[in-house]
$ cat protein-v5.txt   # compact mmCIF, C-alpha atoms and all ligand atoms
# COMPACT_ATOMS: atom_id res chain seq x y z
CA MET A 30 109.51 84.26 -17.94
CA THR A 31 109.24 80.87 -19.61
CA LYS A 32 112.21 78.60 -20.09
CA LEU A 33 111.87 79.15 -23.85
CA CYS A 34 112.15 82.93 -23.42
CA ALA A 35 115.16 82.60 -21.13
CA ALA A 36 116.82 80.21 -23.56
CA SER A 37 116.26 82.51 -26.54
CA LYS A 38 117.66 85.43 -24.51
CA ALA A 39 120.76 83.39 -23.64
CA ALA A 40 121.11 82.27 -27.27
CA SER A 41 121.23 85.89 -28.42
CA ILE A 42 124.43 86.45 -26.41
CA THR A 43 127.45 86.14 -28.62
CA PRO A 44 130.19 83.71 -27.59
CA THR A 45 132.82 85.53 -25.55
CA SER A 46 136.54 85.07 -25.32
CA GLN A 47 138.27 83.07 -22.64
CA ALA A 48 139.64 86.35 -21.25
CA LYS A 49 136.10 87.57 -20.54
CA LEU A 50 135.23 84.27 -18.95
CA ALA A 51 138.34 84.54 -16.79
CA VAL A 52 137.62 88.14 -15.76
CA ASN A 53 134.09 87.16 -14.72
CA TRP A 54 135.42 84.15 -12.88
CA MET A 55 137.80 86.43 -10.95
CA HIS A 56 134.85 88.63 -10.00
CA THR A 57 133.30 85.70 -8.08
CA ALA A 58 136.07 85.98 -5.43
CA ARG A 59 134.98 86.17 -1.81
CA PHE A 60 136.73 85.88 1.54
CA PHE A 61 137.29 82.28 2.56
CA THR A 62 139.55 82.15 5.61
CA THR A 63 142.60 83.61 7.33
CA ALA A 64 145.43 82.02 9.34
CA ALA A 65 148.70 83.02 10.98
CA GLN A 66 150.25 79.57 10.61
CA LEU A 67 150.30 76.98 7.89
CA HIS A 68 148.79 74.24 10.08
CA GLN A 69 145.79 76.50 10.78
CA LEU A 70 144.90 76.64 7.07
CA PRO A 71 142.17 74.22 5.98
CA ALA A 72 143.12 71.67 3.35
CA VAL A 73 141.52 72.58 0.04
CA GLU A 74 140.65 70.21 -2.75
CA VAL A 75 140.93 72.81 -5.51
CA PRO A 76 143.90 74.58 -7.13
CA GLU A 77 145.44 77.29 -4.95
CA ILE A 78 147.36 80.26 -6.36
CA ALA A 79 149.62 82.21 -4.00
CA PHE A 80 150.55 85.89 -4.33
CA VAL A 81 154.00 86.44 -2.84
CA GLY A 82 156.62 89.18 -2.85
CA ARG A 83 158.23 91.97 -0.86
CA SER A 84 156.17 94.04 1.47
CA ASN A 85 154.49 96.90 -0.40
CA ALA A 86 155.02 95.23 -3.82
CA GLY A 87 151.28 95.45 -4.46
CA LYS A 88 150.02 91.90 -3.79
CA SER A 89 146.79 92.84 -2.03
CA THR A 90 146.08 95.61 -4.55
CA CYS A 91 146.67 93.17 -7.39
CA ILE A 92 144.13 90.72 -5.93
CA ASN A 93 141.59 93.52 -5.51
CA THR A 94 142.17 94.68 -9.10
CA LEU A 95 141.94 91.21 -10.60
CA THR A 96 138.76 90.45 -8.67
CA GLN A 97 137.31 93.94 -9.29
CA GLN A 98 136.69 94.39 -5.58
CA ARG A 99 137.91 97.42 -3.71
CA GLN A 100 138.61 95.88 -0.33
CA LEU A 101 138.66 92.13 -0.62
CA ALA A 102 142.33 92.05 0.40
CA PHE A 103 143.78 94.65 2.79
CA ALA A 104 146.00 97.02 0.84
CA SER A 105 147.87 99.89 2.43
CA LYS A 106 150.51 102.55 1.87
CA LYS A 107 152.09 101.28 5.07
CA PRO A 108 154.25 98.20 4.40
CA GLY A 109 153.51 95.09 6.44
CA ARG A 110 149.74 95.51 6.23
CA THR A 111 149.04 91.86 5.42
CA GLN A 112 150.13 89.74 8.38
CA HIS A 113 148.16 86.56 7.87
CA ILE A 114 147.70 84.15 5.01
CA ASN A 115 144.31 85.17 3.62
CA LEU A 116 142.44 82.83 1.33
CA PHE A 117 139.78 83.89 -1.17
CA ALA A 118 137.45 81.44 -2.88
CA LEU A 119 136.65 81.56 -6.59
CA GLY A 120 133.74 79.95 -8.39
CA LYS A 121 130.03 80.30 -8.77
CA GLN A 122 128.06 80.81 -5.57
CA GLY A 123 127.97 77.61 -3.53
CA GLN A 124 130.90 76.20 -5.46
CA MET A 125 134.63 76.70 -5.09
CA ASP A 126 136.86 75.82 -8.02
CA ALA A 127 140.04 77.64 -6.99
CA VAL A 128 141.57 79.64 -4.15
CA LEU A 129 143.73 82.76 -4.17
CA ALA A 130 146.15 83.18 -1.26
CA ASP A 131 147.38 86.63 -0.25
CA LEU A 132 150.60 86.20 1.72
CA PRO A 133 152.31 88.70 3.99
CA GLY A 134 155.24 90.41 2.30
CA TYR A 135 158.88 89.97 3.26
CA GLY A 136 161.76 92.42 3.46
CA TYR A 137 159.98 94.99 5.61
CA ALA A 138 162.82 96.69 7.49
CA ALA A 139 160.78 97.76 10.53
CA VAL A 140 159.95 94.16 11.49
CA SER A 141 162.08 92.67 14.27
CA ARG A 142 164.66 90.04 13.37
CA SER A 143 162.80 87.29 15.23
CA ASP A 144 159.50 88.16 13.50
CA LYS A 145 161.26 88.14 10.14
CA GLN A 146 162.74 84.72 10.78
CA ARG A 147 159.43 83.36 12.04
CA TRP A 148 157.68 84.63 8.94
CA GLN A 149 160.32 83.34 6.55
CA GLN A 150 159.85 79.92 8.11
CA VAL A 151 156.04 80.05 7.74
CA MET A 152 156.44 81.19 4.16
CA ALA A 153 159.03 78.54 3.25
CA ASN A 154 156.84 75.83 4.84
CA TYR A 155 153.85 77.08 2.91
CA LEU A 156 155.69 77.15 -0.42
CA VAL A 157 157.34 73.78 0.07
CA SER A 158 154.54 71.79 1.61
CA ARG A 159 151.16 73.37 0.89
CA LYS A 160 149.08 70.68 -0.81
CA GLY A 161 147.04 71.87 -3.77
CA LEU A 162 149.41 74.77 -4.46
CA THR A 163 149.13 75.04 -8.24
CA GLY A 164 150.74 78.37 -9.02
CA ILE A 165 152.75 81.22 -7.58
CA VAL A 166 152.56 84.84 -8.64
CA LEU A 167 155.70 86.66 -7.48
CA LEU A 168 155.13 90.39 -7.44
CA CYS A 169 158.07 92.77 -7.75
CA ASP A 170 158.29 96.51 -7.91
CA PRO A 171 160.38 96.93 -11.10
CA ARG A 172 162.03 100.02 -9.62
CA LEU A 173 163.65 97.69 -7.07
CA GLY A 174 163.94 94.72 -9.41
CA MET A 175 164.18 91.17 -8.14
CA THR A 176 165.97 91.38 -4.81
CA GLU A 177 167.99 88.80 -2.89
CA LEU A 178 164.87 87.78 -0.98
CA ASP A 179 162.95 87.23 -4.23
CA GLU A 180 165.80 85.09 -5.51
CA ALA A 181 165.85 83.14 -2.25
CA LEU A 182 162.13 82.47 -2.76
CA LEU A 183 162.81 81.31 -6.33
CA GLU A 184 165.34 78.84 -4.94
CA VAL A 185 162.83 77.51 -2.40
CA VAL A 186 160.17 76.87 -5.05
CA ARG A 187 162.48 75.69 -7.86
CA PRO A 188 162.03 71.95 -7.11
CA ARG A 189 158.25 72.34 -7.19
CA VAL A 190 158.42 74.43 -10.40
CA GLU A 191 160.45 71.62 -11.97
CA GLU A 192 157.65 69.25 -10.96
CA GLY A 193 155.04 71.42 -12.71
CA LEU A 194 154.13 74.19 -10.27
CA LYS A 195 153.13 77.24 -12.35
CA PHE A 196 155.09 80.41 -11.85
CA LEU A 197 154.59 84.02 -12.95
CA VAL A 198 156.65 87.10 -12.12
CA LEU A 199 154.50 90.21 -12.17
CA LEU A 200 156.24 93.58 -12.35
CA THR A 201 153.81 95.89 -10.55
CA LYS A 202 153.20 99.65 -10.58
CA ALA A 203 153.97 99.79 -14.32
CA ASP A 204 152.30 103.21 -14.33
CA LYS A 205 155.42 104.55 -12.59
CA LEU A 206 157.61 103.61 -15.58
CA THR A 207 157.90 104.91 -19.14
CA ARG A 208 157.45 102.42 -21.99
CA ALA A 209 161.22 102.20 -22.45
CA GLU A 210 161.74 101.57 -18.74
CA GLN A 211 159.06 98.87 -18.81
CA ALA A 212 160.77 97.11 -21.73
CA LYS A 213 164.11 97.23 -19.93
CA ALA A 214 162.62 96.00 -16.62
CA LEU A 215 160.93 93.12 -18.46
CA SER A 216 164.10 91.94 -20.12
CA ILE A 217 166.12 92.09 -16.89
CA ALA A 218 163.43 90.22 -14.93
CA ARG A 219 163.16 87.59 -17.69
CA LEU A 220 166.84 86.86 -17.31
CA GLN A 221 166.53 86.67 -13.51
CA ALA A 222 163.43 84.48 -13.69
CA GLY A 223 165.43 81.91 -15.66
CA GLY A 224 162.95 81.56 -18.52
CA GLY A 225 159.84 81.82 -16.34
CA GLU A 226 156.93 83.93 -17.46
CA VAL A 227 157.17 87.68 -16.65
CA LYS A 228 154.47 90.32 -17.21
CA MET A 229 153.94 94.00 -16.47
CA PHE A 230 150.99 94.99 -14.30
CA SER A 231 149.42 98.23 -13.13
CA ALA A 232 146.47 98.32 -10.79
CA LEU A 233 146.14 102.04 -11.43
CA LYS A 234 145.94 101.72 -15.23
CA ARG A 235 144.49 98.20 -15.20
CA GLN A 236 147.42 97.11 -17.35
CA GLY A 237 147.77 93.34 -17.68
CA VAL A 238 144.51 92.56 -15.86
CA ASP A 239 142.83 90.49 -18.61
CA GLU A 240 146.04 88.67 -19.45
CA VAL A 241 146.73 87.69 -15.84
CA ALA A 242 143.09 86.68 -15.23
CA GLU A 243 143.23 84.43 -18.29
CA LEU A 244 146.51 82.84 -17.22
CA LEU A 245 145.20 82.11 -13.70
CA TRP A 246 142.04 80.65 -15.22
CA GLN A 247 144.15 78.35 -17.39
CA TRP A 248 146.27 77.29 -14.41
CA SER A 249 143.13 76.39 -12.49
CA HIS A 250 141.32 74.73 -15.40
CA PRO A 251 144.04 72.79 -17.23
CA THR A 252 141.50 70.67 -19.06
CA GLY A 253 139.70 73.73 -20.41
CA ALA A 254 136.58 75.66 -19.51
CA GLN A 255 133.31 73.88 -19.01
CA ALA A 256 130.74 75.78 -21.03
CA GLY A 257 128.43 77.56 -18.66
CA ASP A 258 130.75 77.20 -15.66
CA VAL A 259 130.76 80.92 -15.06
CA PRO A 260 128.19 83.35 -16.48
CA VAL A 261 130.11 85.57 -18.89
CA ASN A 262 128.07 88.70 -18.43
CA ALA A 263 125.12 90.15 -16.58
CA ALA A 264 122.63 89.22 -19.31
CA GLU A 265 123.79 85.64 -19.31
CA ALA A 266 123.71 85.47 -15.51
CA GLN A 267 120.15 86.79 -15.62
CA ALA A 268 119.12 84.28 -18.30
CA GLU A 269 120.68 81.49 -16.28
CA ALA A 270 118.90 82.58 -13.10
CA GLU A 271 115.59 82.67 -14.95
CA ALA A 272 116.21 79.24 -16.46
CA ASP A 273 116.99 77.96 -12.94
CA THR A 274 113.72 79.33 -11.61
CA ASP A 275 111.92 77.21 -14.20
CA SER A 276 113.85 74.08 -13.32
CA PRO A 277 111.66 71.23 -12.04
CA SER A 278 113.82 70.77 -8.91
CA LYS A 279 112.95 74.26 -7.64
CA PRO A 280 109.56 75.11 -6.13
CA SER A 281 107.52 77.20 -8.55
N1 LIG B 301 150.95 103.57 -8.59
C1 LIG B 301 150.61 102.36 -8.21
N2 LIG B 301 150.56 102.05 -6.88
C2 LIG B 301 150.23 100.80 -6.53
C3 LIG B 301 149.92 99.80 -7.49
N3 LIG B 301 149.67 98.64 -6.82
C4 LIG B 301 149.79 98.92 -5.52
N4 LIG B 301 150.11 100.21 -5.33
C5 LIG B 301 150.32 100.88 -4.04
O1 LIG B 301 151.38 100.23 -3.32
C6 LIG B 301 151.11 100.25 -1.92
C7 LIG B 301 151.22 98.84 -1.35
O2 LIG B 301 150.19 98.04 -1.89
P1 LIG B 301 149.69 96.69 -1.19
O3 LIG B 301 148.78 96.04 -2.17
O4 LIG B 301 149.18 96.93 0.17
O5 LIG B 301 151.08 95.90 -1.09
P2 LIG B 301 151.33 94.44 -0.48
O6 LIG B 301 152.34 93.78 -1.38
O7 LIG B 301 150.06 93.70 -0.27
O8 LIG B 301 152.03 94.81 0.91
P3 LIG B 301 152.14 93.92 2.27
O9 LIG B 301 150.75 93.51 2.67
O10 LIG B 301 152.82 94.84 3.20
O11 LIG B 301 153.00 92.74 1.95
C8 LIG B 301 149.72 100.89 -1.76
O12 LIG B 301 149.90 102.26 -1.45
C9 LIG B 301 149.10 100.74 -3.13
O13 LIG B 301 148.15 101.74 -3.44
C10 LIG B 301 149.97 100.16 -8.88
O14 LIG B 301 149.73 99.35 -9.79
N5 LIG B 301 150.32 101.45 -9.17
MG MG B 302 149.21 92.90 1.41
$ encode --input "protein-v5.txt" --output "structure tokens"
Amino acid sequence: MTKLCAASKAASITPTSQAKLAVNWMHTARFFTTAAQLHQLPAVEVPEIAFVGRSNAGKSTCINTLTQQRQLAFASKKPGRTQHINLFALGKQGQMDAVLADLPGYGYAAVSRSDKQRWQQVMANYLVSRKGLTGIVLLCDPRLGMTELDEALLEVVRPRVEEGLKFLVLLTKADKLTRAEQAKALSIARLQAGGGEVKMFSALKRQGVDEVAELLWQWSHPTGAQAGDVPVNAAEAQAEAEADTDSPSKPS
């Protein structure tokens, strides 16, 4: 197909909302690296967003839902499934413009005291000193509410939040609550989060997916989207690929 044809095909695609752009951006996620200790993590030059919360809160499932990938992060009925810090890269192929970090959960009763302490130390070090950390998503099961451990985490990150670190509390498994229960859980968590942003989320019902994707996109692109950064749909991706094929730098 000629460049002209590809361009006219792309031009016929209507402009899409930032939410769509963000959802497609999320879909570019792929495994980047894993580490048991903070010092084993590579330094990254792009914004990093960490998913934290109690064991079984739904962190790994949330990452899989946001990225529309069934098994990118390991999710399990059994608490304590995630035991390493797992990083996932976002951005067009060959480029990385942000990283998602899936962290092991805390508060899992069956873990030995020494393992708990070791992990709390790794976690605190990560939250306090990880360079490039741009945002934190704290996931809570609203049936348990924000627990002492969640509040301890809030305390650890408060100084960084005051310096501009983004922070979102996500109440997961919303499908388990009625509308009235959701409204109540939201208002309680908003009080506990001290004015921080709080949203409901359900992986099962895909509730909150677009909203969260858009927020994470904004956190990672504070100066706004670059037009054409991420193809917004399959047709556009196709048009772009065809235009690339015609580019003079590529062999014909
Ligand atoms: N009903 C419902 N179940 C969910 C939802 N999100 C997660 N779950 C379930 O909750 C359980 C725990 O999910 P994970 O994503 O593994 O939780 P995690 O926070 O990563 O847990 P750790 O890795 O142990 O820290 C699994 O059985 C999931 O299927 C949701 O939105 N709705
Ligand atoms: Mg997990």
$ residues_around --input "protein-v5.txt" --residues "Trp54 in chain A" --least-positions-apart "2" --cutoff "8 Å" --atoms "only C-alpha atoms" --output "number ranges by chain"
A: 50-52, 56-58, 119-121, 246, 259
$ residues_around --input "protein-v5.txt" --residues "Ile92 in chain A" --least-positions-apart "5" --cutoff "12 Å" --atoms "only C-alpha atoms" --output "MDAnalysis selection string"
chainID A and resid 55:56 58:60 78:81 86:87 97:104 115:119 128:132 166 168 201 230:232 235 238 241:242 245
$ residues_around --input "protein-v5.txt" --residues "Leu194 in chain A" --least-positions-apart "6" --cutoff "12 Å" --atoms "only C-alpha atoms" --output "PyMOL selection string"
chain A and resi 76-79+156-157+159-166+183+186-188+225+248-249
$ residues_near_ligand --input "protein-v5.txt" --ligand "ligand MG 302 (chain B)" --cutoff "6 Å" --atoms "all atoms listed in the file" --output "PyMOL selection string"
chain A and resi 88-89+103-104+110-111+133
$ atom_distance --input "protein-v5.txt" --atom1 "CA of Lys234 in chain A" --atom2 "CA of Ala127 in chain A"
26.1 Å
$ build_atoms --input "protein-v5.txt" --residues "range 161-189 of chain A" --atoms "N, CA and C atoms" --output "CSV table (one decimal), in the coordinates of the input"
chain,number,residue,atom,x,y,z
A,161,GLY,N,148.0,71.2,-2.9
A,161,GLY,CA,147.0,71.9,-3.8
A,161,GLY,C,147.6,73.1,-4.4
A,162,LEU,N,148.8,73.6,-3.9
A,162,LEU,CA,149.4,74.8,-4.5
A,162,LEU,C,149.7,74.5,-5.9
A,163,THR,N,149.1,75.3,-6.8
A,163,THR,CA,149.1,75.0,-8.2
A,163,THR,C,150.0,76.1,-8.9
A,164,GLY,N,150.0,77.3,-8.4
A,164,GLY,CA,150.7,78.4,-9.0
A,164,GLY,C,151.2,79.4,-8.0
A,165,ILE,N,152.2,80.1,-8.4
A,165,ILE,CA,152.8,81.2,-7.6
A,165,ILE,C,152.9,82.5,-8.5
A,166,VAL,N,152.4,83.6,-8.0
A,166,VAL,CA,152.6,84.8,-8.6
A,166,VAL,C,153.5,85.6,-7.7
A,167,LEU,N,154.7,85.9,-8.2
A,167,LEU,CA,155.7,86.7,-7.5
A,167,LEU,C,155.6,88.1,-8.0
A,168,LEU,N,155.2,89.0,-7.1
A,168,LEU,CA,155.1,90.4,-7.4
A,168,LEU,C,156.4,91.2,-7.0
A,169,CYS,N,156.9,92.0,-8.0
A,169,CYS,CA,158.1,92.8,-7.8
A,169,CYS,C,157.8,94.2,-8.2
A,170,ASP,N,158.3,95.1,-7.5
A,170,ASP,CA,158.3,96.5,-7.9
A,170,ASP,C,159.5,96.6,-8.9
A,171,PRO,N,159.3,96.9,-10.1
A,171,PRO,CA,160.4,96.9,-11.1
A,171,PRO,C,161.4,98.0,-10.8
A,172,ARG,N,161.0,99.0,-10.0
A,172,ARG,CA,162.0,100.0,-9.6
A,172,ARG,C,163.1,99.5,-8.7
A,173,LEU,N,162.7,98.4,-8.0
A,173,LEU,CA,163.6,97.7,-7.1
A,173,LEU,C,164.2,96.5,-7.8
A,174,GLY,N,163.5,95.9,-8.7
A,174,GLY,CA,163.9,94.7,-9.4
A,174,GLY,C,163.8,93.5,-8.5
A,175,MET,N,164.3,92.4,-9.0
A,175,MET,CA,164.2,91.2,-8.1
A,175,MET,C,165.3,91.2,-7.1
A,176,THR,N,165.0,91.2,-5.9
A,176,THR,CA,166.0,91.4,-4.8
A,176,THR,C,166.5,90.0,-4.4
A,177,GLU,N,167.4,90.0,-3.4
A,177,GLU,CA,168.0,88.8,-2.9
A,177,GLU,C,166.9,87.9,-2.3
A,178,LEU,N,165.9,88.6,-1.6
A,178,LEU,CA,164.9,87.8,-1.0
A,178,LEU,C,164.0,87.1,-2.0
A,179,ASP,N,163.7,87.8,-3.1
A,179,ASP,CA,163.0,87.2,-4.2
A,179,ASP,C,163.7,86.0,-4.8
A,180,GLU,N,165.0,86.2,-4.9
A,180,GLU,CA,165.8,85.1,-5.5
A,180,GLU,C,165.8,83.9,-4.5
A,181,ALA,N,165.9,84.2,-3.2
A,181,ALA,CA,165.8,83.1,-2.2
A,181,ALA,C,164.5,82.4,-2.4
A,182,LEU,N,163.4,83.1,-2.6
A,182,LEU,CA,162.1,82.5,-2.8
A,182,LEU,C,162.1,81.6,-4.0
A,183,LEU,N,162.7,82.1,-5.1
A,183,LEU,CA,162.8,81.3,-6.3
A,183,LEU,C,163.5,80.0,-6.1
A,184,GLU,N,164.6,80.1,-5.3
A,184,GLU,CA,165.3,78.8,-4.9
A,184,GLU,C,164.5,77.8,-4.2
A,185,VAL,N,163.7,78.4,-3.2
A,185,VAL,CA,162.8,77.5,-2.4
A,185,VAL,C,161.8,76.8,-3.3
A,186,VAL,N,161.3,77.5,-4.3
A,186,VAL,CA,160.2,76.9,-5.0
A,186,VAL,C,160.7,76.1,-6.3
A,187,ARG,N,162.0,76.3,-6.6
A,187,ARG,CA,162.5,75.7,-7.9
A,187,ARG,C,162.1,74.2,-8.0
A,188,PRO,N,162.4,73.4,-6.9
A,188,PRO,CA,162.0,72.0,-7.1
A,188,PRO,C,160.6,71.7,-7.5
A,189,ARG,N,159.7,72.5,-6.9
A,189,ARG,CA,158.2,72.3,-7.2
A,189,ARG,C,157.9,72.8,-8.6
